[in-house]
Amino acid sequence: MTPYLEIGGDYREAIPGVYLIELPLPFSLGLVNVYLVRLAEGYLLIDCGMDTVECLEALTRGMEGLRIAWSAIRQILVTHTHPDHVGLAHKVIELTGAPVMMHRDEVRQLAEIASSSGVRWADDALIAAGSPAELASSIEQSFAEIRKSFRALEPDLVLVGGERIPSALGTLELIWTRGHSPGHICIYAPQRRALFSGDQILQHITPNIGWQPDHDALGEFLASLSRLAELDADLVLPSHGAPFRGHRDWIRDTIAHHATRCSQIEAALADGPQTAHALVGAIWSRPLSPFNYRFAVFELLAHLEYLKQRGRVEAGRTDHRLLWSVAKADKKSVHT
């Protein structure tokens, strides 16, 4: 049995009652998947794509190929507020008139990002990481176009996790899976043993887990994976890559990957205190573009926060920078 049934070049039937449409992205991930799930009447659209002409054209082309009218979309669920998932939502809402669902933490985060002041904590984090000012400026330029995909959005239904949606697949269970984003939602169809995993579980890559203020993002992500491992899921329908099987194997390998990354960071700190910026060069041997450097340094900060919460590293401030070091033995925690 193949993991999905081919219909068209960028749209297909993933399982009976579920259509996958691939939308193009202007960065290295290449494509984002959105899903149409059959309801008793009409369809639920999971995610909307990025706010680009190319995304809208691909979504329109897929729906026309499937002979699904815009008016047939009766509900929209945004798994999280990253631009390739929420950017096109305002246009899809105009075309469908469908109500939108989103987790309360994503509502808050999107409002902050879309505000005129933006996310100042991200700029402060780069300064604390020791990132050179010219590099921070290049990062801002590389993200300028992407920021246009962030628009304030007031959902019709604010989610907290645990909600249920009746569908042709049976009851869909909405699962709050923090980590990749504070209010990330996965959708589980137990009667079909299918998991719409958003960016929480991807096919060939691990999702970026970036530092967030007042969060142990990596710890939250790993806890969410442990919860997903308990599900009886035969097929994972991710936001990037093809549908695949073996979610428990993927979770095991991903937990091991982050354990290895933590060990690499501690090994790099064995030579003495370092900034997160210096650690980027120690962990990634290849040159990184400003765009990818930003993901790398925030991923490192998430790992450092995870290690700090467990008493394995500590930070001292010098000027506006944080210098990280291996924690003294008497400060180490048994918390895991």
# chains A, B, ... in the order shown; residues from 1 in each chain; ligands from 1
>>> select_by_dssp(residues="range 210-246 of chain A", states="helix (DSSP H, G or I)", output="NGL selection string")
:A and (217-229)
>>> residues_around(residues="Ile139 in chain A", least_positions_apart="5", cutoff="12 Å", atoms="only C-alpha atoms", output="MDAnalysis selection string")
chainID A and resid 122:123 126 131:134 144:147 288:297
>>> write_last_selection(atoms="C-alpha atoms", output="JSON list (two decimals), in the first residue's frame")
[["chain", "number", "residue", "atom", "x", "y", "z"],
["A", 122, "ALA", "CA", 14.31, 38.72, 19.47],
["A", 123, "ASP", "CA", 16.61, 41.71, 18.90],
["A", 126, "LEU", "CA", 20.75, 38.49, 19.42],
["A", 131, "SER", "CA", 25.92, 38.50, 17.48],
["A", 132, "PRO", "CA", 27.82, 41.31, 15.72],
["A", 133, "ALA", "CA", 25.72, 44.37, 14.92],
["A", 134, "GLU", "CA", 26.36, 44.09, 11.19],
["A", 144, "ALA", "CA", 12.03, 41.81, 5.87],
["A", 145, "GLU", "CA", 10.04, 40.15, 3.07],
["A", 146, "ILE", "CA", 8.87, 37.29, 5.29],
["A", 147, "ARG", "CA", 7.53, 39.72, 7.89],
["A", 288, "LEU", "CA", 25.68, 30.12, 7.32],
["A", 289, "SER", "CA", 23.71, 32.82, 5.55],
["A", 290, "PRO", "CA", 22.24, 35.51, 7.85],
["A", 291, "PHE", "CA", 18.83, 33.85, 7.36],
["A", 292, "ASN", "CA", 20.09, 30.43, 8.48],
["A", 293, "TYR", "CA", 22.36, 31.90, 11.18],
["A", 294, "ARG", "CA", 19.30, 33.35, 12.88],
["A", 295, "PHE", "CA", 17.69, 29.90, 13.07],
["A", 296, "ALA", "CA", 20.97, 28.38, 14.28],
["A", 297, "VAL", "CA", 21.61, 30.86, 17.09]]
>>> residues_around(residues="Pro155 in chain A", least_positions_apart="3", cutoff="10 Å", atoms="only C-alpha atoms", output="ChimeraX atom specification")
/A:76-78,99-104,107,152,158-159
>>> residues_around(residues="range 175-179 of chain A", least_positions_apart="2", cutoff="9 Å", atoms="only C-alpha atoms", output="NGL selection string")
:A and (103 or 159-163 or 173 or 181-188 or 200 or 209-210 or 215-225 or 227-228)
>>> write_last_selection(atoms="N, CA and C atoms", output="PDB file, in the first residue's frame")
ATOM      1  N   HIS A 103      -4.778  28.364  18.273  1.00  0.00           N
ATOM      2  CA  HIS A 103      -4.535  28.284  19.714  1.00  0.00           C
ATOM      3  C   HIS A 103      -4.305  29.671  20.309  1.00  0.00           C
ATOM      4  N   LEU A 159      -8.464  28.182  20.510  1.00  0.00           N
ATOM      5  CA  LEU A 159      -8.277  26.816  20.990  1.00  0.00           C
ATOM      6  C   LEU A 159      -7.407  26.780  22.247  1.00  0.00           C
ATOM      7  N   VAL A 160      -7.617  25.752  23.055  1.00  0.00           N
ATOM      8  CA  VAL A 160      -6.756  25.502  24.211  1.00  0.00           C
ATOM      9  C   VAL A 160      -6.199  24.083  24.174  1.00  0.00           C
ATOM     10  N   GLY A 161      -6.626  23.296  23.184  1.00  0.00           N
ATOM     11  CA  GLY A 161      -6.236  21.890  23.102  1.00  0.00           C
ATOM     12  C   GLY A 161      -7.312  21.016  23.722  1.00  0.00           C
ATOM     13  N   GLY A 162      -7.539  19.859  23.098  1.00  0.00           N
ATOM     14  CA  GLY A 162      -8.551  18.948  23.597  1.00  0.00           C
ATOM     15  C   GLY A 162      -9.880  19.047  22.870  1.00  0.00           C
ATOM     16  N   GLU A 163     -10.025  20.050  21.975  1.00  0.00           N
ATOM     17  CA  GLU A 163     -11.271  20.180  21.226  1.00  0.00           C
ATOM     18  C   GLU A 163     -11.425  19.012  20.241  1.00  0.00           C
ATOM     19  N   GLU A 173      -9.263  14.902  16.911  1.00  0.00           N
ATOM     20  CA  GLU A 173      -8.857  15.388  18.225  1.00  0.00           C
ATOM     21  C   GLU A 173      -7.725  16.398  18.064  1.00  0.00           C
ATOM     22  N   SER A 181       6.496  25.978  18.330  1.00  0.00           N
ATOM     23  CA  SER A 181       5.800  27.240  18.518  1.00  0.00           C
ATOM     24  C   SER A 181       4.961  27.083  19.786  1.00  0.00           C
ATOM     25  N   PRO A 182       4.691  28.171  20.519  1.00  0.00           N
ATOM     26  CA  PRO A 182       4.035  28.019  21.827  1.00  0.00           C
ATOM     27  C   PRO A 182       2.671  27.350  21.779  1.00  0.00           C
ATOM     28  N   GLY A 183       1.890  27.614  20.720  1.00  0.00           N
ATOM     29  CA  GLY A 183       0.537  27.065  20.662  1.00  0.00           C
ATOM     30  C   GLY A 183       0.324  26.132  19.492  1.00  0.00           C
ATOM     31  N   HIS A 184       1.359  25.400  19.109  1.00  0.00           N
ATOM     32  CA  HIS A 184       1.262  24.495  17.964  1.00  0.00           C
ATOM     33  C   HIS A 184       0.186  23.428  18.218  1.00  0.00           C
ATOM     34  N   ILE A 185      -0.613  23.158  17.176  1.00  0.00           N
ATOM     35  CA  ILE A 185      -1.689  22.171  17.264  1.00  0.00           C
ATOM     36  C   ILE A 185      -1.439  21.038  16.271  1.00  0.00           C
ATOM     37  N   CYS A 186      -1.552  19.798  16.738  1.00  0.00           N
ATOM     38  CA  CYS A 186      -1.605  18.624  15.880  1.00  0.00           C
ATOM     39  C   CYS A 186      -3.048  18.108  15.862  1.00  0.00           C
ATOM     40  N   ILE A 187      -3.413  17.410  14.804  1.00  0.00           N
ATOM     41  CA  ILE A 187      -4.773  16.888  14.654  1.00  0.00           C
ATOM     42  C   ILE A 187      -4.685  15.374  14.475  1.00  0.00           C
ATOM     43  N   TYR A 188      -5.375  14.659  15.341  1.00  0.00           N
ATOM     44  CA  TYR A 188      -5.324  13.193  15.344  1.00  0.00           C
ATOM     45  C   TYR A 188      -6.693  12.627  14.981  1.00  0.00           C
ATOM     46  N   GLN A 200       5.499  19.725  13.882  1.00  0.00           N
ATOM     47  CA  GLN A 200       6.008  19.022  15.067  1.00  0.00           C
ATOM     48  C   GLN A 200       6.778  17.766  14.675  1.00  0.00           C
ATOM     49  N   ILE A 209      13.727  24.303  16.690  1.00  0.00           N
ATOM     50  CA  ILE A 209      13.232  24.634  18.026  1.00  0.00           C
ATOM     51  C   ILE A 209      14.009  25.853  18.488  1.00  0.00           C
ATOM     52  N   GLY A 210      13.390  27.015  18.348  1.00  0.00           N
ATOM     53  CA  GLY A 210      14.070  28.259  18.663  1.00  0.00           C
ATOM     54  C   GLY A 210      13.711  28.785  20.042  1.00  0.00           C
ATOM     55  N   HIS A 215      10.075  30.498  28.204  1.00  0.00           N
ATOM     56  CA  HIS A 215       9.771  29.120  27.817  1.00  0.00           C
ATOM     57  C   HIS A 215      11.045  28.288  27.819  1.00  0.00           C
ATOM     58  N   ASP A 216      10.888  27.034  28.184  1.00  0.00           N
ATOM     59  CA  ASP A 216      11.908  26.025  27.930  1.00  0.00           C
ATOM     60  C   ASP A 216      11.437  25.298  26.666  1.00  0.00           C
ATOM     61  N   ALA A 217      11.671  25.931  25.503  1.00  0.00           N
ATOM     62  CA  ALA A 217      11.077  25.452  24.250  1.00  0.00           C
ATOM     63  C   ALA A 217      11.472  24.014  23.932  1.00  0.00           C
ATOM     64  N   LEU A 218      12.751  23.673  24.131  1.00  0.00           N
ATOM     65  CA  LEU A 218      13.181  22.307  23.828  1.00  0.00           C
ATOM     66  C   LEU A 218      12.542  21.310  24.798  1.00  0.00           C
ATOM     67  N   GLY A 219      12.487  21.656  26.064  1.00  0.00           N
ATOM     68  CA  GLY A 219      11.843  20.772  27.027  1.00  0.00           C
ATOM     69  C   GLY A 219      10.375  20.562  26.691  1.00  0.00           C
ATOM     70  N   GLU A 220       9.698  21.629  26.275  1.00  0.00           N
ATOM     71  CA  GLU A 220       8.291  21.521  25.893  1.00  0.00           C
ATOM     72  C   GLU A 220       8.132  20.654  24.646  1.00  0.00           C
ATOM     73  N   PHE A 221       9.039  20.827  23.694  1.00  0.00           N
ATOM     74  CA  PHE A 221       8.986  20.038  22.460  1.00  0.00           C
ATOM     75  C   PHE A 221       9.162  18.552  22.749  1.00  0.00           C
ATOM     76  N   LEU A 222      10.150  18.212  23.564  1.00  0.00           N
ATOM     77  CA  LEU A 222      10.399  16.807  23.881  1.00  0.00           C
ATOM     78  C   LEU A 222       9.227  16.200  24.653  1.00  0.00           C
ATOM     79  N   ALA A 223       8.621  16.982  25.550  1.00  0.00           N
ATOM     80  CA  ALA A 223       7.453  16.486  26.283  1.00  0.00           C
ATOM     81  C   ALA A 223       6.277  16.244  25.332  1.00  0.00           C
ATOM     82  N   SER A 224       6.117  17.131  24.350  1.00  0.00           N
ATOM     83  CA  SER A 224       5.053  16.958  23.364  1.00  0.00           C
ATOM     84  C   SER A 224       5.281  15.711  22.526  1.00  0.00           C
ATOM     85  N   LEU A 225       6.546  15.460  22.159  1.00  0.00           N
ATOM     86  CA  LEU A 225       6.842  14.257  21.384  1.00  0.00           C
ATOM     87  C   LEU A 225       6.511  12.998  22.177  1.00  0.00           C
ATOM     88  N   ARG A 227       4.217  12.655  24.312  1.00  0.00           N
ATOM     89  CA  ARG A 227       2.756  12.498  24.285  1.00  0.00           C
ATOM     90  C   ARG A 227       2.313  11.932  22.938  1.00  0.00           C
ATOM     91  N   LEU A 228       2.906  12.416  21.842  1.00  0.00           N
ATOM     92  CA  LEU A 228       2.528  11.928  20.510  1.00  0.00           C
ATOM     93  C   LEU A 228       2.944  10.471  20.316  1.00  0.00           C
TER      94      LEU A 228
END
>>> residues_around(residues="range 251-263 of chain A", least_positions_apart="2", cutoff="8 Å", atoms="only C-alpha atoms", output="list of chain:residue names")
A:Ile201, A:Thr206, A:Leu222, A:Leu225, A:Ser226, A:Ala229, A:His247, A:Arg248, A:Asp249, A:Ile265, A:Glu266, A:Ala267, A:His303, A:Leu304, A:Leu307
>>> write_last_selection(atoms="N, CA and C atoms", output="short mmCIF file (atom, residue, chain, number, x, y, z; two decimals), in the first residue's frame")
data_model
loop_
_atom_site.label_atom_id
_atom_site.label_comp_id
_atom_site.auth_asym_id
_atom_site.auth_seq_id
_atom_site.Cartn_x
_atom_site.Cartn_y
_atom_site.Cartn_z
N ILE A 201 6.29 17.06 13.66
CA ILE A 201 6.97 15.87 13.13
C ILE A 201 7.05 16.05 11.62
N THR A 206 14.48 17.52 11.29
CA THR A 206 13.94 17.87 12.60
C THR A 206 13.48 19.32 12.54
N LEU A 222 10.15 18.21 23.56
CA LEU A 222 10.40 16.81 23.88
C LEU A 222 9.23 16.20 24.65
N LEU A 225 6.55 15.46 22.16
CA LEU A 225 6.84 14.26 21.38
C LEU A 225 6.51 13.00 22.18
N SER A 226 6.81 13.01 23.46
CA SER A 226 6.49 11.84 24.29
C SER A 226 4.99 11.59 24.31
N ALA A 229 4.02 10.05 20.98
CA ALA A 229 4.47 8.67 20.86
C ALA A 229 3.44 7.69 21.41
N HIS A 247 6.05 6.92 13.22
CA HIS A 247 6.24 8.13 14.01
C HIS A 247 7.03 7.87 15.29
N ARG A 248 6.90 6.67 15.85
CA ARG A 248 7.66 6.40 17.08
C ARG A 248 9.16 6.29 16.79
N ASP A 249 9.53 5.71 15.67
CA ASP A 249 10.94 5.66 15.29
C ASP A 249 11.48 7.08 15.09
N ILE A 265 27.27 20.84 22.75
CA ILE A 265 27.37 22.16 23.37
C ILE A 265 28.21 22.09 24.64
N GLU A 266 27.96 21.10 25.47
CA GLU A 266 28.73 20.96 26.70
C GLU A 266 30.20 20.70 26.40
N ALA A 267 30.49 19.92 25.36
CA ALA A 267 31.88 19.66 24.98
C ALA A 267 32.56 20.94 24.52
N HIS A 303 18.61 25.23 23.30
CA HIS A 303 19.33 24.12 23.94
C HIS A 303 20.03 24.59 25.21
N LEU A 304 20.59 25.79 25.18
CA LEU A 304 21.25 26.33 26.37
C LEU A 304 20.24 26.54 27.50
N LEU A 307 19.48 23.17 28.96
CA LEU A 307 20.57 22.70 29.82
C LEU A 307 20.64 23.50 31.11
#
>>> atom_distance(atom1="CA of Leu237 in chain A", atom2="CA of Leu300 in chain A")
27.8 Å
>>> closest_residue(among="A:Thr81, A:Leu36, A:His240, A:Pro273", to="Gly198 in chain A", atoms="only C-alpha atoms")
A:His240
>>> closest_residue(among="A:Ala128, A:Ala242, A:Leu44, A:Leu202", to="Pro166 in chain A", atoms="only C-alpha atoms")
A:Leu44
>>> residues_around(residues="range 12-20 of chain A", least_positions_apart="2", cutoff="12 Å", atoms="only C-alpha atoms", output="tab-separated table (two decimals) with C-alpha atoms, in the first residue's frame")
chain	number	residue	atom	x	y	z
A	1	MET	CA	0.00	0.00	0.00
A	2	THR	CA	1.45	3.38	-1.04
A	3	PRO	CA	1.41	6.21	1.54
A	4	TYR	CA	-0.73	8.38	-0.72
A	5	LEU	CA	-2.64	8.23	-3.97
A	6	GLU	CA	-1.43	10.41	-6.86
A	7	ILE	CA	-3.98	12.65	-8.58
A	8	GLY	CA	-2.12	15.72	-9.83
A	9	GLY	CA	1.35	17.23	-9.83
A	10	ASP	CA	0.94	19.35	-6.70
A	22	GLU	CA	1.65	21.47	-2.08
A	23	LEU	CA	2.36	25.20	-2.07
A	31	LEU	CA	7.09	23.40	-0.24
A	32	VAL	CA	4.45	23.49	2.47
A	33	ASN	CA	1.54	21.06	2.58
A	34	VAL	CA	-2.01	22.16	3.32
A	35	TYR	CA	-4.80	19.62	3.78
A	36	LEU	CA	-8.48	19.52	2.91
A	37	VAL	CA	-10.38	17.14	5.20
A	38	ARG	CA	-13.92	16.13	4.25
A	39	LEU	CA	-16.60	17.10	6.75
A	40	ALA	CA	-20.24	16.03	6.77
A	41	GLU	CA	-20.74	19.08	4.54
A	42	GLY	CA	-17.77	20.73	2.87
A	43	TYR	CA	-14.15	20.67	4.02
A	44	LEU	CA	-11.82	21.65	6.82
A	45	LEU	CA	-8.68	23.41	5.54
A	46	ILE	CA	-5.59	22.78	7.67
A	47	ASP	CA	-3.17	25.72	7.20
A	48	CYS	CA	-3.15	28.29	4.42
A	58	ALA	CA	-0.97	26.81	-6.37
A	59	LEU	CA	-3.82	26.59	-3.86
A	62	GLY	CA	-5.14	22.43	-6.59
A	63	MET	CA	-8.71	23.20	-5.62
A	65	GLY	CA	-8.10	20.25	-10.07
A	66	LEU	CA	-9.99	18.62	-7.20
A	67	ARG	CA	-13.19	20.43	-8.24
A	68	ILE	CA	-13.61	21.94	-4.79
A	167	SER	CA	-15.44	14.76	10.12
A	168	ALA	CA	-15.73	12.05	7.49
A	169	LEU	CA	-12.64	10.48	9.11
A	170	GLY	CA	-14.46	10.24	12.42
A	189	ALA	CA	-7.90	11.01	13.61
A	192	ARG	CA	-8.16	6.30	10.69
A	193	ARG	CA	-4.95	6.19	12.77
A	194	ALA	CA	-3.78	9.36	11.02
A	195	LEU	CA	-1.85	12.26	12.56
A	196	PHE	CA	-1.71	15.71	10.94
A	234	ASP	CA	-0.27	4.49	11.25
A	235	LEU	CA	0.29	7.50	8.98
A	236	VAL	CA	1.84	10.92	9.64
A	237	LEU	CA	0.67	13.78	7.41
A	238	PRO	CA	3.31	16.50	7.93
A	239	SER	CA	3.48	20.10	6.77
A	240	HIS	CA	6.72	19.48	4.87
A	241	GLY	CA	7.62	16.29	3.02
A	242	ALA	CA	5.46	13.35	2.02
A	243	PRO	CA	3.14	11.39	4.32
A	244	PHE	CA	5.09	8.61	6.05
>>> atom_distance(atom1="CA of Asp214 in chain A", atom2="CA of Gly311 in chain A")
16.9 Å
>>> select_by_dssp(residues="range 56-277 of chain A", states="strand (DSSP E or B)", output="JSON, numbers by chain")
{"A": [73, 74, 75, 76, 77, 100, 101, 102, 103, 157, 158, 159, 164, 165, 166, 167, 170, 171, 172, 173, 174, 175, 176, 185, 186, 187, 188, 189, 194, 195, 196, 197, 198, 235, 236, 237, 238, 244, 274]}
>>> residues_around(residues="Leu95 in chain A", least_positions_apart="6", cutoff="12 Å", atoms="only C-alpha atoms", output="VMD selection string")
chain A and resid 48 56 59 to 60 69 to 74 76 88 to 89
